[in-house]
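A.B. asks: Take a look at query-v3.txt, compact mmCIF, C-alpha atoms:
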```txt
# COMPACT_ATOMS: atom_id res chain seq x y z
CA MET A 1 99.66 -150.70 -29.84
CA THR A 2 99.31 -146.95 -30.28
CA ARG A 3 96.49 -145.58 -32.38
CA GLN A 4 97.67 -143.12 -35.01
CA LYS A 5 95.79 -139.84 -35.19
CA ASP A 6 93.63 -139.45 -38.29
CA ASN A 7 94.48 -136.11 -39.92
CA ARG A 8 92.01 -136.44 -42.78
CA PRO A 9 89.33 -133.72 -42.97
CA ARG A 10 85.86 -134.70 -41.82
CA GLU A 11 83.09 -134.53 -44.40
CA LEU A 12 79.90 -132.90 -43.20
CA PRO A 13 76.88 -132.97 -45.52
CA ALA A 14 74.90 -129.75 -45.72
CA VAL A 15 71.96 -128.34 -47.65
CA VAL A 16 72.63 -124.76 -48.75
CA THR A 17 69.70 -122.41 -49.29
CA TYR A 18 70.37 -119.40 -51.51
CA LEU A 19 68.23 -116.35 -50.78
CA GLY A 20 67.75 -113.01 -52.49
CA MET A 21 66.03 -109.68 -52.02
CA GLU A 22 65.18 -107.39 -54.93
CA ALA A 23 64.30 -104.22 -53.00
CA ARG A 24 64.71 -102.68 -49.57
CA PRO A 25 62.10 -104.21 -47.23
CA LYS A 26 59.20 -101.97 -46.24
CA GLY A 27 58.02 -103.76 -43.09
CA THR A 28 58.34 -102.64 -39.50
CA PRO A 29 61.91 -103.10 -38.28
CA PRO A 30 62.60 -105.31 -35.27
CA PRO A 31 62.90 -103.42 -32.00
CA PRO A 32 66.41 -102.48 -30.96
CA PRO A 33 67.92 -104.46 -28.10
CA LEU A 34 67.57 -102.91 -24.66
CA LEU A 35 71.34 -102.89 -24.35
CA LYS A 36 74.12 -100.43 -25.07
CA THR A 37 75.01 -101.25 -28.67
CA ALA A 38 77.26 -99.82 -31.35
CA LEU A 39 77.58 -101.08 -34.90
CA LEU A 40 80.92 -99.95 -36.29
CA LYS A 41 82.49 -100.32 -39.70
CA CYS A 42 86.01 -101.78 -39.50
CA GLU A 43 88.22 -100.07 -42.00
CA HIS A 44 90.78 -102.65 -43.12
CA PRO A 45 90.76 -104.64 -39.89
CA PRO A 46 93.94 -106.45 -38.90
CA VAL A 47 94.01 -110.12 -39.81
CA HIS A 48 94.16 -111.23 -36.16
CA PHE A 49 91.01 -109.28 -35.29
CA TYR A 50 89.11 -110.64 -38.28
CA ARG A 51 90.22 -114.17 -37.43
CA TYR A 52 89.07 -113.67 -33.83
CA LEU A 53 85.58 -112.64 -34.99
CA TYR A 54 85.36 -115.29 -37.71
CA ASP A 55 86.50 -118.10 -35.43
CA THR A 56 84.54 -117.03 -32.35
CA ILE A 57 81.28 -116.55 -34.24
CA GLY A 58 81.69 -119.26 -36.86
CA GLN A 59 83.22 -122.18 -35.02
CA PRO A 60 79.89 -123.69 -33.88
CA TYR A 61 78.66 -123.52 -37.49
CA PHE A 62 81.77 -124.90 -39.18
CA TRP A 63 82.90 -121.71 -40.87
CA VAL A 64 86.15 -123.04 -42.32
CA GLU A 65 86.85 -121.28 -45.62
CA ARG A 66 88.66 -118.21 -44.27
CA ARG A 67 90.55 -120.34 -41.71
CA LEU A 68 92.28 -122.05 -44.63
CA TRP A 69 93.48 -118.77 -46.15
CA SER A 70 97.00 -117.53 -45.51
CA ASP A 71 97.41 -114.29 -43.58
CA ASP A 72 98.62 -112.59 -46.78
CA LYS A 73 95.57 -113.71 -48.77
CA LEU A 74 93.21 -112.61 -45.99
CA LYS A 75 94.99 -109.26 -45.59
CA ALA A 76 94.64 -108.55 -49.32
CA PHE A 77 90.96 -109.54 -49.22
CA LEU A 78 90.26 -107.26 -46.25
CA ALA A 79 92.08 -104.36 -47.98
CA ASN A 80 89.53 -104.42 -50.83
CA ASP A 81 87.31 -101.33 -50.58
CA ARG A 82 84.32 -103.35 -51.82
CA ILE A 83 84.53 -105.74 -48.84
CA LEU A 84 82.95 -104.17 -45.75
CA ILE A 85 83.17 -105.55 -42.24
CA TYR A 86 80.79 -104.33 -39.54
CA VAL A 87 81.18 -105.31 -35.92
CA LEU A 88 78.42 -105.15 -33.34
CA TYR A 89 79.54 -104.20 -29.86
CA VAL A 90 77.32 -104.70 -26.83
CA ALA A 91 78.45 -102.81 -23.74
CA GLY A 92 81.87 -102.43 -25.38
CA VAL A 93 82.30 -106.15 -26.15
CA PRO A 94 82.43 -107.56 -29.70
CA ALA A 95 79.13 -109.43 -30.03
CA GLY A 96 78.62 -109.97 -33.76
CA MET A 97 79.76 -109.27 -37.28
CA ALA A 98 78.58 -108.85 -40.83
CA GLU A 99 80.90 -109.30 -43.81
CA LEU A 100 79.49 -107.61 -46.91
CA ASP A 101 80.75 -108.05 -50.45
CA PHE A 102 79.99 -105.47 -53.14
CA ARG A 103 82.59 -106.54 -55.73
CA GLU A 104 79.98 -107.55 -58.31
CA PRO A 105 78.30 -104.44 -59.80
CA GLY A 106 74.69 -104.05 -58.66
CA ILE A 107 74.90 -107.01 -56.26
CA GLY A 108 75.35 -107.02 -52.50
CA GLN A 109 76.26 -110.23 -50.72
CA ILE A 110 76.08 -110.87 -47.00
CA SER A 111 78.99 -113.31 -46.94
CA TYR A 112 79.15 -113.92 -43.19
CA PHE A 113 76.76 -112.85 -40.48
CA GLY A 114 76.39 -113.89 -36.88
CA LEU A 115 76.64 -113.34 -33.16
CA THR A 116 78.97 -114.71 -30.54
CA GLN A 117 77.42 -117.45 -28.40
CA GLU A 118 77.00 -115.14 -25.39
CA PHE A 119 74.59 -112.92 -27.31
CA ILE A 120 72.46 -115.51 -29.09
CA GLY A 121 68.89 -115.81 -27.85
CA ARG A 122 68.68 -112.20 -26.67
CA ARG A 123 66.67 -110.89 -29.67
CA ILE A 124 69.72 -109.16 -31.12
CA GLY A 125 70.04 -111.20 -34.35
CA PRO A 126 66.93 -109.92 -36.17
CA TRP A 127 67.79 -106.32 -35.24
CA LEU A 128 71.41 -106.74 -36.41
CA LEU A 129 70.21 -108.33 -39.65
CA HIS A 130 67.85 -105.39 -40.25
CA GLN A 131 70.72 -102.95 -39.70
CA THR A 132 72.90 -104.98 -42.05
CA VAL A 133 70.22 -105.04 -44.76
CA GLU A 134 69.80 -101.26 -44.44
CA LEU A 135 73.57 -100.78 -44.79
CA CYS A 136 73.53 -102.93 -47.92
CA TRP A 137 70.68 -101.02 -49.55
CA ALA A 138 72.53 -97.75 -48.88
CA GLU A 139 74.98 -99.01 -51.53
CA PRO A 140 74.12 -98.80 -55.26
CA ILE A 141 72.71 -102.33 -55.58
CA LYS A 142 69.74 -103.88 -57.36
CA ARG A 143 69.87 -107.24 -55.56
CA LEU A 144 70.97 -108.46 -52.13
CA LEU A 145 72.03 -112.08 -51.64
CA VAL A 146 72.75 -114.33 -48.69
CA ASN A 147 72.97 -118.06 -48.20
CA THR A 148 72.63 -120.33 -45.22
CA CYS A 149 73.00 -124.02 -44.69
CA THR A 150 71.88 -126.76 -42.36
CA LEU A 151 75.11 -126.34 -40.36
CA ASP A 152 74.15 -122.76 -39.41
CA HIS A 153 72.05 -121.77 -36.41
CA LYS A 154 68.69 -123.55 -36.47
CA LYS A 155 66.84 -120.22 -36.78
CA ALA A 156 69.05 -118.73 -39.52
CA LEU A 157 66.85 -119.57 -42.50
CA ALA A 158 63.64 -118.38 -40.81
CA THR A 159 65.37 -115.18 -39.65
CA TYR A 160 66.50 -114.37 -43.19
CA GLN A 161 63.02 -115.07 -44.56
CA ARG A 162 61.36 -112.87 -41.91
CA ALA A 163 63.79 -110.10 -42.89
CA GLY A 164 62.46 -110.23 -46.47
CA PHE A 165 64.76 -112.69 -48.24
CA THR A 166 63.22 -115.28 -50.57
CA ALA A 167 64.80 -118.63 -51.32
CA TYR A 168 65.60 -119.13 -55.00
CA ALA A 169 67.77 -122.28 -54.96
CA ARG A 170 68.96 -125.16 -52.82
CA ALA A 171 71.99 -127.39 -53.23
CA GLU A 172 73.55 -130.26 -51.37
CA ARG A 173 77.23 -129.98 -50.61
CA VAL A 174 79.90 -131.46 -48.43
CA VAL A 175 81.88 -129.21 -46.10
CA LEU A 176 85.44 -130.42 -45.53
CA VAL A 177 86.27 -129.68 -41.92
CA PRO A 178 89.95 -129.88 -40.89
CA ALA A 179 90.70 -132.76 -38.51
CA ASP A 180 91.80 -130.38 -35.75
CA PHE A 181 88.57 -128.35 -35.92
CA PRO A 182 86.48 -128.75 -32.73
CA LYS A 183 83.43 -130.99 -32.96
CA ARG A 184 79.96 -129.85 -31.95
```
Please, can you express the file's structure as structure tokens?
C.D. replies:
Amino acid sequence: MTRQKDNRPRELPAVVTYLGMEARPKGTPPPPPLLKTALLKCEHPPVHFYRYLYDTIGQPYFWVERRLWSDDKLKAFLANDRILIYVLYVAGVPAGMAELDFREPGIGQISYFGLTQEFIGRRIGPWLLHQTVELCWAEPIKRLLVNTCTLDHKKALATYQRAGFTAYARAERVVLVPADFPKR
């Protein structure tokens, strides 16, 4: 007897922590990495490049939302001038990204933020987050938001809090992961 493949999405429980920042942080910034780095703004990146970053960085943390979007929907989203994508390069290699959303007046949202696996644990994350926060506060905002969940990197919440974010809400949710999505 042959076993039929189960194509139903997996349900992963997660606790989401919502964090905010009301003013640009005044503390000492983290030291820059002792590597050749460049943080570049992508102006309307092609869908395939965005998908590469999103999938490479987000796969271990079950980033699935943008994977479910059609190419046309993603292209239109990326064409919005209030959506900014920054890519961190280390020695010429894409090493991280920050997706920033300024569509709501006065509010900045770090929608996606992370590093590729090869660059985690090298003290780059806090520095990249500081750079990202500075880029956000260069915009005309009164509040900066980010959220993280228990599926993210184990140090994500603490890193956001050290950067000056304060938790204001928590919620339980279920992430529906497509059946063909790799398991941890």
A.B. asks: Kindly extract all protein, DNA and RNA residues lying within 10 Å of the coordinates (75.5, -125.9, -37.4) given in the file, considering all atoms listed in the file, and supply them as a list in words.
C.D. replies: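 So the residues meeting the distance criterion are Ala14, Gly58, Gln59, Pro60, Tyr61, Phe62, Trp63, Cys149, Thr150, Leu151, Asp152, His153, Lys154, Ala156 and Arg184 of chain A.
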A.B. asks: For CA of Tyr89 (chain A) and CA of Leu115 (chain A), quote the distance in Å rounded to one decimal.
C.D. replies: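 The value is 10.1 Å.
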A.B. asks: Quote the spacing between CA of Tyr112 (chain A) and CA of Val133 (chain A) in Å to one decimal place.
C.D. replies: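 Atom-to-atom, CA of Tyr112 (chain A) and CA of Val133 (chain A) are spaced 12.7 Å apart.
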A.B. asks: For the atom pair CA of Ile141 (chain A) and CA of Tyr86 (chain A), what is the interatomic distance in Å to one decimal place?
C.D. replies: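 A separation of 18.1 Å between them.
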A.B. asks: Do a neighbour search on Gly92 (chain A) at 12 Å with all atoms listed in the file, toss out local chain neighbours closer than 6 positions, and write the hits as an NGL selection string.
C.D. replies: :A and (35-40)
A.B. asks: Report as number ranges by chain all protein, DNA and RNA residues lying within 9 Å of region 95-103 of chain A, evaluated on all atoms listed in the file, omitting residues in the same chain fewer than 2 positions from it.
C.D. replies: A: 39, 53-54, 57, 80-90, 92-93, 105-119, 125, 128-129, 132, 136, 139, 141
A.B. asks: Restricting the calculation to all atoms listed in the file, which member of A:Val47, A:Ala179, A:Leu157, A:Val16 is positioned closest to Ala76 (chain A)?
C.D. replies: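 When distances to Ala76 (chain A) are compared using all atoms listed in the file, the smallest one comes from A:Val47.
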A.B. asks: Leaving out Val64 (chain A) and any residue of its chain fewer than 4 positions from it, which residues lie within 9 Å of it when counting all atoms listed in the file, given as a ChimeraX atom specification?
C.D. replies: /A:55,58-59,68,175-178,181
A.B. asks: At a cut-off of 8 Å, using all atoms listed in the file, what residues contact Pro33 (chain A)? Leave out same-chain residues fewer than 6 positions from it and give the result as number ranges by chain.
C.D. replies: A: 122-124, 127
A.B. asks: Contacts of region 166-169 of chain A at 7 Å or less, counting all atoms listed in the file, minus same-chain residues fewer than 5 places along, as a ChimeraX atom specification?
C.D. replies: /A:17-21,161
A.B. asks: Tell me which of A:Glu172, A:Glu11, A:Glu22, A:Glu43 sits closest to Trp137 (chain A), counting only C-alpha atoms.
C.D. replies: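 Selected residue with least distance to Trp137 (chain A): A:Glu22.
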A.B. asks: Pick from A:Lys155, A:Lys183, A:Arg173, A:Arg162: nearest to Thr28 (chain A), with all atoms listed in the file counted?
C.D. replies: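 Of A:Lys155, A:Lys183, A:Arg173, A:Arg162, the one nearest Thr28 (chain A), counting all atoms listed in the file, is A:Arg162.
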A.B. asks: Of the residues A:Arg67, A:Pro45, A:Pro13, A:Leu34, which is the one nearest to Ala91 (chain A), using only C-alpha atoms?
C.D. replies: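 Closest to Ala91 (chain A) of all the choices is A:Leu34.
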